>>> print(open('start15.pdb').read())   # PDB, C-alpha atoms and all ligand atoms
ATOM      1  CA  MET J 864       0.000   0.000   0.000
ATOM      2  CA  GLN J 865       0.982   3.617  -0.311
ATOM      3  CA  LEU J 866       1.621   6.020   2.569
ATOM      4  CA  HIS J 867      -1.282   8.251   1.566
ATOM      5  CA  GLU J 868      -3.631   5.262   1.629
ATOM      6  CA  PHE J 869      -2.487   4.268   5.096
ATOM      7  CA  THR J 870      -2.679   7.881   6.316
ATOM      8  CA  LYS J 871      -6.238   8.087   5.067
ATOM      9  CA  ALA J 872      -7.160   4.830   6.788
ATOM     10  CA  VAL J 873      -5.681   6.006  10.096
ATOM     11  CA  SER J 874      -7.404   9.360   9.750
ATOM     12  CA  ASN J 875     -10.695   7.609   9.065
ATOM     13  CA  LEU J 876     -10.286   5.499  12.220
ATOM     14  CA  CYS J 877      -9.382   8.581  14.257
ATOM     15  CA  ASP J 878     -12.597  10.236  13.110
ATOM     16  CA  PHE J 879     -14.596   7.133  13.905
ATOM     17  CA  TYR J 880     -13.247   6.802  17.439
ATOM     18  CA  GLU J 881     -13.045  10.564  18.047
ATOM     19  CA  ARG J 882      -9.346  10.294  18.590
ATOM     20  CA  LYS J 883      -6.714  12.943  17.937
ATOM     21  CA  GLU J 884      -4.752  12.158  14.797
ATOM     22  CA  PRO J 885      -1.194  10.996  15.410
ATOM     23  CA  LYS J 886       1.799  12.989  14.224
ATOM     24  CA  GLN J 887       2.846  12.363  10.632
ATOM     25  CA  ALA J 888       6.140  10.960  11.957
ATOM     26  CA  THR J 889       4.177   8.407  13.982
ATOM     27  CA  ILE J 890       2.108   7.407  10.967
ATOM     28  CA  GLU J 891       5.296   6.975   8.958
ATOM     29  CA  LEU J 892       6.785   4.694  11.603
ATOM     30  CA  TRP J 893       3.617   2.597  11.613
ATOM     31  CA  PHE J 894       3.593   2.586   7.848
ATOM     32  CA  LYS J 895       7.024   0.947   7.758
ATOM     33  CA  LEU J 896       5.446  -2.058   9.433
ATOM     34  CA  VAL J 897       2.516  -2.407   7.049
ATOM     35  CA  ASN J 898       3.790  -1.141   3.703
ATOM     36  CA  ARG J 899       4.228  -4.673   2.348
ATOM     37  CA  MET J 900       0.486  -5.183   2.563
ATOM     38  CA  PRO J 901      -1.419  -4.686  -0.704
ATOM     39  CA  SER J 902      -3.891  -1.804  -1.059
ATOM     40  CA  ASP J 903      -6.874  -3.977  -1.908
ATOM     41  CA  PRO J 904      -7.943  -4.892   1.614
ATOM     42  CA  ILE J 905      -7.519  -1.468   3.276
ATOM     43  CA  ALA J 906     -11.177  -0.463   3.088
ATOM     44  CA  TRP J 907     -12.213  -3.906   4.293
ATOM     45  CA  ILE J 908      -9.788  -3.723   7.219
ATOM     46  CA  VAL J 909     -10.963  -0.268   8.285
ATOM     47  CA  GLN J 910     -14.567  -1.416   8.204
ATOM     48  CA  LYS J 911     -13.703  -4.583  10.114
ATOM     49  CA  ILE J 912     -11.992  -2.599  12.859
ATOM     50  CA  GLN J 913     -14.949  -0.217  13.112
ATOM     51  CA  GLU J 914     -17.358  -3.143  13.379
ATOM     52  CA  THR J 915     -15.446  -5.189  15.917
ATOM     53  CA  SER J 916     -13.318  -2.870  18.027
ATOM     54  CA  ASP J 917     -14.680  -0.687  20.818
ATOM     55  CA  SER J 918     -11.787   1.700  20.583
ATOM     56  CA  PHE J 919      -8.919   2.788  18.375
ATOM     57  CA  PRO J 920      -6.614  -0.265  18.198
ATOM     58  CA  ARG J 921      -3.834  -0.257  20.790
ATOM     59  CA  ASN J 922      -1.480  -1.734  18.243
ATOM     60  CA  ILE J 923      -2.662  -0.530  14.872
ATOM     61  CA  THR J 924      -0.079  -2.360  12.774
ATOM     62  CA  ALA J 925      -0.686  -5.716  14.478
ATOM     63  CA  THR J 926      -4.419  -5.160  14.078
ATOM     64  CA  PHE J 927      -3.923  -4.434  10.373
ATOM     65  CA  TRP J 928      -1.968  -7.641   9.900
ATOM     66  CA  ALA J 929      -4.483  -9.718  11.841
ATOM     67  CA  SER J 930      -7.342  -8.247   9.792
ATOM     68  CA  TYR J 931      -5.361  -8.792   6.601
ATOM     69  CA  GLY J 932      -5.097 -12.482   7.496
ATOM     70  CA  GLU J 933      -8.870 -12.611   7.916
ATOM     71  CA  TRP J 934      -9.338 -10.826   4.611
ATOM     72  CA  GLN J 935      -7.118 -13.371   2.869
ATOM     73  CA  ASN J 936      -9.164 -16.198   4.333
ATOM     74  CA  ALA J 937     -12.380 -14.498   3.267
ATOM     75  CA  ASN J 938     -11.047 -13.828  -0.252
ATOM     76  CA  PRO J 939      -8.945 -16.833  -1.240
ATOM     77  CA  ASP J 940      -9.314 -15.925  -4.909
ATOM     78  CA  LYS J 941      -7.608 -12.570  -4.376
ATOM     79  CA  ARG J 942      -4.622 -14.054  -2.614
ATOM     80  CA  ALA J 943      -2.514 -14.512  -5.683
ATOM     81  CA  HIS J 944      -3.593 -11.162  -7.137
ATOM     82  CA  ARG J 945      -4.737 -12.817 -10.318
ATOM     83  CA  ALA J 946      -6.109 -10.394 -12.810
ATOM     84  CA  PHE J 947      -6.835 -13.074 -15.391
ATOM     85  CA  PHE J 948     -10.241 -13.969 -16.668
ATOM     86  CA  ASP J 949     -11.340 -17.165 -18.339
ATOM     87  CA  CYS J 950     -10.729 -17.188 -22.052
ATOM     88  CA  PRO J 951     -11.785 -20.312 -23.925
ATOM     89  CA  GLU J 952      -8.772 -20.176 -26.213
ATOM     90  CA  CYS J 953      -5.867 -19.873 -23.837
ATOM     91  CA  SER J 954      -4.664 -20.154 -20.311
ATOM     92  CA  GLU J 955      -4.033 -16.810 -18.639
ATOM     93  CA  GLY J 956      -3.346 -15.279 -22.005
ATOM     94  CA  LEU J 957      -0.868 -17.870 -23.215
ATOM     95  CA  ILE J 958      -1.190 -20.716 -25.670
ATOM     96  CA  LEU J 959       1.311 -23.531 -25.742
ATOM     97  CA  ALA J 960       1.699 -24.939 -29.232
ATOM     98  CA  LYS J 961       3.754 -27.854 -30.437
ATOM     99  CA  SER J 962       4.857 -27.756 -34.045
ATOM    100  CA  LYS J 963       3.438 -30.653 -36.052
ATOM    101  CA  THR J 964       6.617 -30.861 -38.101
ATOM    102  CA  SER J 965       9.487 -30.165 -35.713
ATOM    103  CA  ARG J 966       7.686 -31.242 -32.516
ATOM    104  CA  CYS J 967       9.159 -28.183 -30.840
ATOM    105  CA  SER J 968       6.980 -26.292 -28.380
ATOM    106  CA  TYR J 969       6.318 -22.593 -28.655
ATOM    107  CA  VAL J 970       4.454 -20.124 -26.510
ATOM    108  CA  PHE J 971       2.131 -17.599 -28.109
ATOM    109  CA  ARG J 972       0.115 -14.754 -26.707
ATOM    110  CA  CYS J 973      -3.600 -15.174 -27.203
ATOM    111  CA  ILE J 974      -4.766 -12.547 -29.683
ATOM    112  CA  ARG J 975      -8.377 -12.985 -28.645
ATOM    113  CA  CYS J 976      -8.085 -11.820 -25.047
ATOM    114  CA  LYS J 977      -4.634 -10.196 -25.040
ATOM    115  CA  GLN J 978      -4.253 -10.933 -21.320
ATOM    116  CA  ASP J 979      -0.557 -11.463 -21.488
ATOM    117  CA  ASN J 980       1.827  -8.815 -22.709
ATOM    118  CA  THR J 981       5.103 -10.660 -22.615
ATOM    119  CA  LYS J 982       6.701  -9.141 -25.677
ATOM    120  CA  ALA J 983       8.917 -12.171 -26.218
ATOM    121  CA  TYR J 984       5.951 -14.244 -27.307
ATOM    122  CA  PRO J 985       4.338 -13.635 -30.694
ATOM    123  CA  GLN J 986       0.611 -13.046 -30.839
ATOM    124  CA  ALA J 987      -1.567 -15.652 -32.462
ATOM    125  CA  SER J 988      -5.069 -16.984 -32.449
ATOM    126  CA  ARG J 989      -5.731 -20.524 -31.418
ATOM    127  CA  LEU J 990      -7.544 -21.183 -34.685
ATOM    128  CA  ASP J 991      -4.588 -20.087 -36.819
ATOM    129  CA  LEU J 992      -2.174 -22.099 -34.730
ATOM    130  CA  LEU J 993      -4.207 -25.272 -35.172
ATOM    131  CA  GLN J 994      -3.146 -25.496 -38.809
ATOM    132  CA  ASP J 995       0.511 -26.038 -37.996
ATOM    133  CA  TYR J 996       0.574 -26.869 -34.316
ATOM    134  CA  ASP J 997      -0.893 -29.149 -31.724
ATOM    135  CA  VAL J 998      -2.362 -26.702 -29.293
ATOM    136  CA  ARG J 999      -3.065 -26.997 -25.650
ATOM    137  CA  GLU J1000      -3.427 -24.593 -22.793
ATOM    138  CA  THR J1001      -0.369 -23.857 -20.753
ATOM    139  CA  ALA J1002      -0.384 -25.214 -17.245
TER     140      ALA J1002
HETATM  141 ZN    ZN A1101      -7.154 -15.842 -24.529
END
>>> encode(input="start15.pdb", output="structure tokens")
Amino acid sequence: MQLHEFTKAVSNLCDFYERKEPKQATIELWFKLVNRMPSDPIAWIVQKIQETSDSFPRNITATFWASYGEWQNANPDKRAHRAFFDCPECSEGLILAKSKTSRCSYVFRCIRCKQDNTKAYPQASRLDLLQDYDVRETA
């Protein structure tokens, strides 16, 4: 997460619990302990604290990490930060094709969904590839 996101979350909690906002230096020290956390769950964590805690958390960074663990358990699909969607012609934007003549395997980027932008792989459609390759999804 970014410092401004964390600052906003702390400020929001201070408002909620009618607490004086900490010094910026304090927020920055706290931030060092939570900056490895992704931004996605921040809103969820703030809401969770407001719903379950009677007061501003004594140890805000530990509370953030504990809530983050709960968020991960509640959102197992978001754990790996997958941004891929199901495309019937590829696997996560890639198509693995084995040449019918040389039996060598090649990786292509699916031109239909364009989910992968690894420049090293040429773009192709599954249908075109089928003429010269045995095609299967990548694992
Ligand atoms: Zn695709």
>>> resolve_selection(input="start15.pdb", expression="the PyMOL selection byres (((not hetatm)) within 7 of (chain A and resi 1101))", output="VMD selection string")
chain J and resid 950 to 957 973 to 978
>>> atom_distance(input="start15.pdb", atom1="atom CA of Pro985 of chain J", atom2="atom CA of Phe971 of chain J")
5.2 Å
>>> closest_residue(input="start15.pdb", among="J:Ser962, J:Asn936, J:Thr981, J:Asn898", to="Thr924 of chain J", atoms="all atoms listed in the file")
J:Asn898
>>> residues_around(input="start15.pdb", residues="segment 867-882 of chain J", least_positions_apart="3", cutoff="8 Å", atoms="all atoms listed in the file", output="ChimeraX atom specification")
/J:864,890,894,902,905-906,909,913,918-919
>>> write_last_selection(input="start15.pdb", atoms="C-alpha atoms", output="PDB file, in the coordinates of the input")
ATOM      1  CA  MET J 864       0.000   0.000   0.000  1.00  0.00           C
ATOM      2  CA  ILE J 890       2.108   7.407  10.967  1.00  0.00           C
ATOM      3  CA  PHE J 894       3.593   2.586   7.848  1.00  0.00           C
ATOM      4  CA  SER J 902      -3.891  -1.804  -1.059  1.00  0.00           C
ATOM      5  CA  ILE J 905      -7.519  -1.468   3.276  1.00  0.00           C
ATOM      6  CA  ALA J 906     -11.177  -0.463   3.088  1.00  0.00           C
ATOM      7  CA  VAL J 909     -10.963  -0.268   8.285  1.00  0.00           C
ATOM      8  CA  GLN J 913     -14.949  -0.217  13.112  1.00  0.00           C
ATOM      9  CA  SER J 918     -11.787   1.700  20.583  1.00  0.00           C
ATOM     10  CA  PHE J 919      -8.919   2.788  18.375  1.00  0.00           C
TER      11      PHE J 919
END
>>> residues_around(input="start15.pdb", residues="Leu992 of chain J", least_positions_apart="5", cutoff="10 Å", atoms="only C-alpha atoms", output="compact mmCIF listing (two decimals) with C-alpha atoms, in the coordinates of the input")
# COMPACT_ATOMS: atom_id res chain seq x y z
CA ILE J 958 -1.19 -20.72 -25.67
CA LEU J 959 1.31 -23.53 -25.74
CA ALA J 960 1.70 -24.94 -29.23
CA LYS J 961 3.75 -27.85 -30.44
CA SER J 962 4.86 -27.76 -34.04
CA PHE J 971 2.13 -17.60 -28.11
CA ALA J 987 -1.57 -15.65 -32.46
CA ASP J 997 -0.89 -29.15 -31.72
CA VAL J 998 -2.36 -26.70 -29.29
>>> resolve_selection(input="start15.pdb", expression="the PyMOL selection byres (((chain J and resi 931-933) around 9) and not hetatm)", output="short mmCIF file (atom, residue, chain, number, x, y, z; two decimals) with C-alpha atoms, keeping the file's coordinate frame")
data_model
loop_
_atom_site.label_atom_id
_atom_site.label_comp_id
_atom_site.auth_asym_id
_atom_site.auth_seq_id
_atom_site.Cartn_x
_atom_site.Cartn_y
_atom_site.Cartn_z
CA MET J 900 0.49 -5.18 2.56
CA PRO J 904 -7.94 -4.89 1.61
CA ILE J 905 -7.52 -1.47 3.28
CA TRP J 907 -12.21 -3.91 4.29
CA ILE J 908 -9.79 -3.72 7.22
CA THR J 926 -4.42 -5.16 14.08
CA PHE J 927 -3.92 -4.43 10.37
CA TRP J 928 -1.97 -7.64 9.90
CA ALA J 929 -4.48 -9.72 11.84
CA SER J 930 -7.34 -8.25 9.79
CA TRP J 934 -9.34 -10.83 4.61
CA GLN J 935 -7.12 -13.37 2.87
CA ASN J 936 -9.16 -16.20 4.33
CA ALA J 937 -12.38 -14.50 3.27
CA ASN J 938 -11.05 -13.83 -0.25
#
>>> atom_distance(input="start15.pdb", atom1="atom CA of Asp949 of chain J", atom2="atom CA of Asn980 of chain J")
16.2 Å
>>> closest_residue(input="start15.pdb", among="J:Tyr984, J:Pro901, J:Gln865, J:Arg921", to="Val970 of chain J", atoms="all atoms listed in the file")
J:Tyr984
>>> atom_distance(input="start15.pdb", atom1="atom CA of Lys883 of chain J", atom2="atom CA of Asp917 of chain J")
16.0 Å
>>> closest_residue(input="start15.pdb", among="J:Ser968, J:Lys963, J:Glu891, J:Glu884", to="Tyr996 of chain J", atoms="all atoms listed in the file")
J:Lys963
